[in-house]
Each structure stands twice: as C-alpha cells, then as structure tokens.
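For reference, coords_34.cif (mmCIF, C-alpha atoms):
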```cif
data_start
#
loop_
_atom_site.label_atom_id
_atom_site.label_comp_id
_atom_site.auth_asym_id
_atom_site.auth_seq_id
_atom_site.Cartn_x
_atom_site.Cartn_y
_atom_site.Cartn_z
CA MET N 1 -76.16 54.66 -11.28
CA ARG N 2 -75.65 55.00 -15.03
CA LYS N 3 -74.13 51.56 -15.46
CA GLY N 4 -75.97 48.94 -17.47
CA PHE N 5 -75.74 45.17 -17.77
CA ASN N 6 -72.18 44.93 -19.11
CA LEU N 7 -70.54 47.34 -16.67
CA LEU N 8 -72.36 45.90 -13.65
CA CYS N 9 -71.29 42.39 -14.71
CA GLY N 10 -67.73 43.68 -15.06
CA ILE N 11 -67.79 45.06 -11.51
CA VAL N 12 -69.07 41.75 -10.14
CA ILE N 13 -66.43 39.71 -11.98
CA ASN N 14 -63.40 42.02 -11.80
CA GLU N 15 -63.89 43.91 -8.52
CA LEU N 16 -65.67 41.28 -6.42
CA GLY N 17 -64.19 38.18 -8.05
CA ARG N 18 -67.61 36.48 -8.13
CA GLN N 19 -69.35 34.40 -10.78
CA ILE N 20 -72.34 36.29 -12.14
CA MET N 21 -74.19 33.15 -13.23
CA GLY N 22 -74.00 31.44 -9.84
CA GLY N 23 -77.57 32.29 -8.85
CA ASP N 24 -76.70 35.23 -6.60
CA ALA N 25 -78.29 38.66 -6.82
CA PHE N 26 -75.99 41.68 -6.70
CA ILE N 27 -77.19 44.96 -5.19
CA PHE N 28 -75.76 48.36 -6.04
CA ILE N 29 -76.80 51.41 -3.98
CA ASN N 30 -75.74 54.99 -4.64
CA LYS N 31 -74.01 57.10 -1.98
CA PRO N 32 -77.11 59.03 -0.80
CA ARG N 33 -78.94 55.64 -0.74
CA THR N 34 -81.86 56.88 -2.82
CA HIS N 35 -81.31 54.61 -5.84
CA LEU N 36 -80.88 50.84 -5.88
CA LYS N 37 -80.09 48.41 -8.69
CA LEU N 38 -80.39 44.66 -8.34
CA LEU N 39 -78.62 42.52 -10.95
CA VAL N 40 -79.73 38.90 -11.30
CA TYR N 41 -78.89 36.21 -13.83
CA GLU N 42 -81.91 34.05 -14.53
CA GLN N 43 -82.15 31.21 -16.99
CA GLY N 44 -81.65 32.77 -20.39
CA GLY N 45 -80.45 36.23 -19.44
CA PHE N 46 -79.88 39.09 -17.05
CA THR N 47 -82.46 41.18 -15.22
CA ILE N 48 -81.92 44.59 -13.64
CA PHE N 49 -84.38 45.74 -11.02
CA TYR N 50 -84.13 49.49 -10.43
CA ARG N 51 -85.81 51.45 -7.63
CA ARG N 52 -85.64 55.19 -6.97
CA LEU N 53 -87.11 56.57 -3.78
CA GLU N 54 -89.07 59.81 -3.85
CA LYS N 55 -88.49 60.34 -0.11
CA GLY N 56 -86.17 58.78 2.43
CA ALA N 57 -83.25 56.44 1.90
CA PHE N 58 -82.55 52.73 1.81
CA GLU N 59 -81.15 51.36 5.05
CA VAL N 60 -77.93 49.44 4.64
CA PRO N 61 -76.85 46.96 7.33
CA ALA N 62 -73.66 47.80 9.22
CA PHE N 63 -70.63 46.23 7.56
CA ASP N 64 -66.85 46.47 7.43
CA LEU N 65 -65.93 49.47 5.27
CA ASP N 66 -62.81 47.66 4.02
CA ALA N 67 -64.90 44.79 2.66
CA LYS N 68 -65.96 45.11 -0.96
CA SER N 69 -69.16 43.17 -0.47
CA MET N 70 -71.45 41.55 2.07
CA GLU N 71 -74.08 38.82 2.04
CA LEU N 72 -77.75 39.46 2.73
CA SER N 73 -80.58 37.04 3.26
CA VAL N 74 -83.70 37.24 1.13
CA ASN N 75 -85.56 38.54 4.17
CA GLN N 76 -83.03 41.33 4.72
CA LEU N 77 -83.33 42.35 1.06
CA ASN N 78 -87.11 42.46 1.34
CA PHE N 79 -86.86 44.58 4.49
CA ILE N 80 -84.50 47.02 2.74
CA LEU N 81 -86.85 47.34 -0.25
CA GLN N 82 -89.92 47.79 1.98
CA GLY N 83 -88.28 50.38 4.23
CA VAL N 84 -88.30 48.26 7.39
CA SER N 85 -85.64 49.24 9.93
CA LEU N 86 -83.09 46.42 10.12
CA GLN N 87 -82.11 47.40 13.68
CA SER N 88 -85.57 46.80 15.13
CA ILE N 89 -86.13 43.35 13.63
CA LYS N 90 -86.46 40.52 16.12
CA TYR N 91 -86.50 36.95 14.89
CA ARG N 92 -88.45 34.52 17.03
CA LYS N 93 -87.40 30.91 17.55
CA ARG N 94 -88.70 28.46 14.99
CA TYR N 95 -88.33 24.74 14.64
CA GLN N 96 -86.00 23.67 11.86
CA HIS N 97 -86.09 20.08 10.73
CA GLN N 98 -82.60 18.58 10.55
CA LEU N 99 -81.88 16.06 7.83
CA PRO N 100 -80.31 12.80 9.06
CA LEU N 101 -76.64 12.35 8.23
CA CYS N 102 -75.99 9.54 5.79
#
```

Once more with this new file: its structure as structure tokens, please.
Amino acid sequence: MRKGFNLLCGIVINELGRQIMGGDAFIFINKPRTHLKLLVYEQGGFTIFYRRLEKGAFEVPAFDLDAKSMELSVNQLNFILQGVSLQSIKYRKRYQHQLPLC
C-alpha cells in the first residue's frame, strides 16, 4: 500500500490494460483487507481515496482468482466501504423505464 499516483496508474495501464482516464475508479486492497485505496481520474487530475480500518476487514465479492480485475457497481462499492455484508444483500424489484428504440 505504499504506491502513489504514478505506480497505481502504471498498474492500471500495464497490468490491467485499461485506460485510466475513462471515468472508472480503480480499487486496490491489501492482502489482510484492512487498507483500501481508490484511484479516480476526475477532470483536471487524479484523486486517491485511502481508508484504513481500525478493526475488521473489507469484504471482497467472490471472483475468479485467475482474473486480474473485476467490475463493481457503485452500490457494491458503497457497501464494501460501509461494512455491509455483500452476501446478505437482497435487491427488490424496481420499475426501470425503457427508452424507445429509434
């Protein structure tokens, strides 16, 4: 968790093959899951959000260990940061307006 802006950007570009300025946020969590860094490119520059837990650990969703990355929704990220168990979340049905095809 000692990496700064340049090294985290290098990991995103070289290891993940992703564009850093595409509007995505990139999350880095240490092995014991007690520290989390969130790298975001906003208009004009980079932002690193860093959180260290005094007790407990961040919950990480189950994923393929061979995969280098995974996608999370904004809701999932909020649940991880707030300490909500991802396994006990139940989404209820909601109406979603569909745009007409042109």

Which residues of region 46-72 of chain N come within 12 Å of region 15-27 of chain N, and for each one, what is the closest pair of atoms and their distance in Å to one decimal, counting only C-alpha atoms, sorted by chain and residue number, as CSV?
```
residue,atom,partner,partner_atom,distance
N:Phe46,CA,N:Met21,CA,9.1
N:Thr47,CA,N:Ala25,CA,9.7
N:Ile48,CA,N:Phe26,CA,9.6
N:Phe49,CA,N:Ile27,CA,9.3
N:Tyr50,CA,N:Ile27,CA,9.8
N:Arg51,CA,N:Ile27,CA,11.1
N:Phe58,CA,N:Ile27,CA,11.8
N:Val60,CA,N:Ile27,CA,10.8
N:Ala67,CA,N:Leu16,CA,9.8
N:Lys68,CA,N:Leu16,CA,6.7
N:Ser69,CA,N:Leu16,CA,7.2
N:Met70,CA,N:Ile27,CA,9.9
N:Glu71,CA,N:Phe26,CA,9.4
N:Leu72,CA,N:Ala25,CA,9.6
```

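Residue membership of the PyMOL selection byres ((chain N and resi 81-90) around 9) in the shown file amounts to Leu36, Arg51, Gly56, Ala57, Phe58, Glu59, Val60, Pro61, Gln76, Leu77, Asn78, Phe79, Ile80, Tyr91 and Arg92 of chain N.
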
Residue among N:Lys31, N:Lys55, N:His97, N:Lys37 lying closest to Gly4 (chain N), counting all atoms listed in the file: N:Lys37

Distance of CA of Pro32 (chain N) from CA of Gly45 (chain N), expressed in Å to one decimal place: 29.6 Å

Point-to-point distance from CA of Arg2 (chain N) to CA of Asn75 (chain N), Å rounded to tenths: 27.2 Å

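Nearest residue to Phe5 (chain N), choosing from N:Lys93, N:Tyr41, N:Pro100, N:Leu65 and counting only C-alpha atoms: N:Tyr41.
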
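Put simply, CA of Thr34 (chain N) is 5.9 Å away from CA of Arg52 (chain N).
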
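Minimum atom-to-atom distances from N:Ala62, N:Gln98, N:Ser73, N:Phe28 to Ile11 (chain N) were compared using only C-alpha atoms, and the lowest value belongs to N:Phe28.
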
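Among the candidates N:Val12, N:Met1, N:Glu42, N:Arg94, the residue lying nearest to Ile29 (chain N) is N:Met1 (atoms considered: all atoms listed in the file).
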